[in-house]
Structures are given as C-alpha cells and as structure tokens.
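Novice: start-v8.txt is reproduced below (compact mmCIF, C-alpha atoms).
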# COMPACT_ATOMS: atom_id res chain seq x y z
CA MET S 1 0.00 0.00 0.00
CA LEU S 2 1.39 3.39 -1.00
CA LYS S 3 1.62 5.78 1.95
CA HIS S 4 0.81 9.45 1.51
CA LYS S 5 2.21 12.21 3.65
CA PRO S 6 -0.71 14.14 5.13
CA ASN S 7 -1.17 17.71 3.91
CA THR S 8 -2.68 18.75 7.21
CA ILE S 9 -3.07 17.48 10.74
CA TRP S 10 -6.35 18.73 12.21
CA ILE S 11 -6.77 18.88 15.99
CA ASP S 12 -10.18 18.84 17.65
CA ALA S 13 -8.50 21.09 20.18
CA ASP S 14 -10.84 21.82 23.08
CA ALA S 15 -10.44 18.43 24.76
CA CYS S 16 -7.02 17.46 23.38
CA PRO S 17 -4.33 17.14 26.08
CA LYS S 18 -1.66 19.85 26.04
CA SER S 19 1.18 17.30 25.82
CA VAL S 20 -0.39 15.78 22.70
CA LYS S 21 -0.69 19.20 21.05
CA GLU S 22 2.94 19.99 21.91
CA LEU S 23 4.10 16.74 20.33
CA ILE S 24 2.10 17.47 17.18
CA PHE S 25 3.69 20.95 16.97
CA LYS S 26 7.16 19.33 17.07
CA VAL S 27 6.18 16.81 14.37
CA SER S 28 4.83 19.67 12.27
CA CYS S 29 8.12 21.54 12.37
CA ARG S 30 10.22 18.41 11.78
CA LEU S 31 8.18 17.14 8.82
CA ASN S 32 6.84 20.43 7.45
CA ILE S 33 3.18 19.46 7.90
CA SER S 34 0.47 22.08 8.43
CA ILE S 35 -1.50 21.97 11.66
CA ILE S 36 -4.98 23.41 12.10
CA LEU S 37 -6.44 23.50 15.59
CA VAL S 38 -10.21 23.96 15.70
CA ALA S 39 -11.69 25.07 19.02
CA ASN S 40 -14.59 26.87 20.65
CA SER S 41 -12.21 29.10 22.62
CA HIS S 42 -8.77 30.67 22.33
CA GLN S 43 -5.76 28.31 22.54
CA VAL S 44 -2.09 29.14 23.03
CA ILE S 45 -0.12 28.05 19.97
CA PRO S 46 3.48 28.58 18.89
CA GLN S 47 4.36 31.22 16.30
CA SER S 48 4.75 29.26 13.07
CA ASN S 49 3.57 29.56 9.50
CA LEU S 50 2.61 25.88 9.76
CA ILE S 51 0.31 26.21 12.78
CA LYS S 52 -3.10 27.90 12.63
CA LEU S 53 -5.93 28.25 15.16
CA ILE S 54 -9.56 28.49 14.07
CA VAL S 55 -12.01 29.56 16.80
CA VAL S 56 -15.57 28.58 15.88
CA ASP S 57 -18.90 29.46 17.48
CA LYS S 58 -19.73 27.70 20.72
CA GLY S 59 -22.64 25.93 19.02
CA PHE S 60 -23.09 22.18 19.35
CA ASP S 61 -20.54 20.35 17.16
CA ALA S 62 -19.40 23.59 15.45
CA ALA S 63 -15.74 22.51 15.61
CA ASP S 64 -16.60 19.04 14.31
CA GLN S 65 -18.56 20.45 11.38
CA TYR S 66 -15.75 22.85 10.49
CA ILE S 67 -13.28 19.94 10.35
CA ILE S 68 -15.63 17.73 8.31
CA ASP S 69 -16.27 20.51 5.81
CA LEU S 70 -12.57 21.06 5.10
CA VAL S 71 -10.70 17.82 5.80
CA GLN S 72 -9.10 16.25 2.73
CA ILE S 73 -8.14 12.72 1.77
CA HIS S 74 -4.95 11.59 3.58
CA ASP S 75 -5.22 14.35 6.24
CA ILE S 76 -5.05 13.25 9.88
CA VAL S 77 -7.63 14.32 12.46
CA ILE S 78 -6.80 14.07 16.16
CA THR S 79 -10.04 13.58 18.08
CA ALA S 80 -11.60 11.61 20.91
CA ASP S 81 -15.02 12.27 19.35
CA ILE S 82 -16.06 8.94 17.85
CA PRO S 83 -18.87 10.26 15.60
CA LEU S 84 -16.41 12.84 14.21
CA ALA S 85 -13.85 10.08 13.62
CA ALA S 86 -16.46 8.07 11.68
CA LYS S 87 -17.20 11.06 9.41
CA VAL S 88 -13.47 11.67 8.90
CA LEU S 89 -12.98 8.07 7.77
CA LYS S 90 -15.83 8.43 5.25
CA LYS S 91 -13.84 11.31 3.69
CA GLU S 92 -10.83 8.96 3.37
CA ALA S 93 -8.81 10.89 5.92
CA LYS S 94 -7.23 9.27 8.97
CA ALA S 95 -8.51 9.60 12.53
CA LEU S 96 -6.42 9.19 15.67
CA ASN S 97 -7.53 9.31 19.28
CA PRO S 98 -5.33 11.39 21.64
CA ARG S 99 -4.69 8.17 23.57
CA GLY S 100 -3.20 6.58 20.45
CA GLU S 101 -6.02 4.49 19.01
CA ILE S 102 -6.01 4.68 15.22
CA TYR S 103 -9.61 4.49 14.07
CA ASN S 104 -10.25 2.54 10.87
CA ALA S 105 -13.17 1.61 8.64
CA ASN S 106 -13.20 -1.99 9.91
CA THR S 107 -13.63 -1.09 13.59
CA ILE S 108 -15.39 2.28 13.72
CA GLY S 109 -18.88 0.75 13.51
CA SER S 110 -18.37 -1.42 16.59
CA ILE S 111 -16.69 1.47 18.45
CA LEU S 112 -19.71 3.70 17.69
CA SER S 113 -22.10 0.96 18.83
CA MET S 114 -20.20 0.49 22.11
CA ARG S 115 -20.19 4.27 22.67
CA ASP S 116 -23.96 4.45 22.16
CA PHE S 117 -24.49 1.41 24.43
CA MET S 118 -22.37 2.92 27.23
CA LYS S 119 -24.06 6.31 26.82
CA GLU S 120 -27.34 4.71 27.87
CA PHE S 121 -25.75 3.62 31.16
CA TYR S 122 -24.24 7.08 31.76
CA ASP S 123 -27.54 8.79 30.95
CA ALA S 124 -29.39 6.46 33.34
CA GLY S 125 -26.85 7.17 36.10
CA SER S 126 -25.71 3.53 36.27
CA ILE S 127 -22.13 4.54 35.48
CA ARG S 128 -20.46 7.63 36.88
CA GLY S 129 -17.19 9.32 36.01
CA GLY S 130 -15.28 9.37 32.78
CA PRO S 131 -12.17 7.84 31.32
CA ALA S 132 -9.02 7.39 33.40
CA ALA S 133 -6.67 10.35 33.61
CA PHE S 134 -4.37 10.83 30.61
CA GLY S 135 -0.95 9.44 31.54
CA PRO S 136 2.53 8.59 30.23
CA LYS S 137 1.39 5.26 28.74
CA ASP S 138 -1.32 7.11 26.74
CA PHE S 139 1.22 9.69 25.56
CA LYS S 140 3.65 6.99 24.38
CA GLN S 141 0.91 5.12 22.54
CA PHE S 142 -0.17 8.37 20.87
CA ALA S 143 3.41 9.21 19.85
CA ASP S 144 3.90 5.73 18.37
CA SER S 145 0.59 5.87 16.46
CA LEU S 146 1.23 9.39 15.13
CA ASN S 147 4.68 8.34 13.97
CA LYS S 148 3.13 5.38 12.15
CA LEU S 149 0.66 7.67 10.34
CA VAL S 150 3.16 10.35 9.28
CA SER S 151 6.17 8.22 8.32
Using the file provided, produce a representation of the structure as structure tokens.

Specialist:
Amino acid sequence: MLKHKPNTIWIDADACPKSVKELIFKVSCRLNISIILVANSHQVIPQSNLIKLIVVDKGFDAADQYIIDLVQIHDIVITADIPLAAKVLKKEAKALNPRGEIYNANTIGSILSMRDFMKEFYDAGSIRGGPAAFGPKDFKQFADSLNKLVS
C-alpha cells in the first residue's frame, strides 16, 4: 500500500491534552506538515507559518462540522469524538484518538455501537465518572501511532 504524507493534521483542540498538542507541533516543524487546531475558545499556539488556530462558534458540534467541511483525503484528524472520527474516515482521511487508538473503517462501527451502548448507562446514572486520567502510557501510545501515520 502506497503511503501518503498528510497535507494537514487537524486537531479537535478543546479536549485534546496539552502534551499531545505539543508533540504534534514538534512533528509539524520536523516534517513540514500544516497543523490546524479547531476550538470553541482561544488556545495558546506557537508562532509558526505551519500552525493555525480556528475559533468557531460555541454551538453544538461547530468545531466538528468545520473539520468535516474542510478535511481532505490523507489528512489526519486528532479527536476523541467517535462520531467525528467516523465522518473523517468516510472522507478517506485518517482519525487518531489522543490516547493513540487509530480508528479505521473496519472497527469504527463497533466502536460507535459500544459508545452508544455505554451512553445509555451514563444517561441512566448507572455509570459515573469518565475515562481514566491521561498518563505517560497514553502519551507513548499516541506518539507511536502518530509516527506510524506520518512516516
């Protein structure tokens, strides 16, 4: 399979861990890949012609819609939002979770189903809390997965 260097790495930035964003900035500089962060609020980004911040309205899924409207084939989208990842894959771009899970067309359907199933338990109050805190193991897995997608 022929690998394509992504034109752009998109970051669904509001919930993305700072350490993940910092790693992506370094990769951007090293490999000369454009980065576009899309957020509902201001973010601190380095001064670089390769790195751009888009602040969208605070409306429901405004950042997601912005990304979907502009993402191109072979781009990479960093997101923990599973429905967004599914839409990204339909546009033949790549989707990567900040914890390092590379979403793909073969598994996204079951991941979406599990998300919807678990949401029912959260909504009913049967399950409380969220995912475990982001840690060094997550960061390493993300770094390894990002390296796989860009090299």

Novice: For a cutoff of 10 Å around the file-coordinate point (-18.9, 27.1, 13.7), which residues qualify once you count only C-alpha atoms? I'd like the result as a ChimeraX atom specification.

Specialist: /S:38-40,54-67

Novice: Neighbours of region 87-102 of chain S within 8 Å (all atoms listed in the file; same-chain residues fewer than 6 positions away dropped), as number ranges by chain?

Specialist: S: 16-17, 20, 68, 71-80, 134, 138-146

Novice: Mind giving me the straight-line distance from CA of Arg30 (chain S) to CA of Ile45 (chain S) in Å, one decimal?

Specialist: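 Distance between the two atoms: 16.3 Å.
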
Novice: From the set S:Leu31, S:Ala105, S:Phe25, S:Ala132, which residue has the shortest atom-to-atom contact distance to Trp10 (chain S), counting only C-alpha atoms?

Specialist: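 So, comparing all the options, the nearest one is S:Phe25.
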
Novice: Calculated over all atoms listed in the file, which of the candidates S:Ser19, S:Gln43, S:Thr8, S:Ser28 has the smallest distance to Gly135 (chain S)?

Specialist: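 That would be S:Ser19, the residue with the smallest distance to Gly135 (chain S).
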
Novice: Do you have the CA of Asp81 (chain S)-CA of Ala15 (chain S) distance handy?

Specialist: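 Spanning CA of Asp81 (chain S) to CA of Ala15 (chain S) is a straight-line distance of 9.4 Å.
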
Novice: How many Å separate CA of Ile9 (chain S) from CA of Ile35 (chain S)?

Specialist: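 Computing the Euclidean distance for CA of Ile9 (chain S) and CA of Ile35 (chain S) yields 4.8 Å.
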
Novice: For a quick check of understanding, using only C-alpha atoms, which of S:Asn7, S:Leu23, S:Asp12, S:Ala133 has the smallest distance to Leu50 (chain S)?

Specialist: S:Asn7

Novice: Could you tell me which of S:Asn106, S:Lys52, S:Ser34, S:Lys18 comes closest to Lys5 (chain S) if we count all atoms listed in the file?

Specialist: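 So, comparing all the options, the nearest one is S:Ser34.
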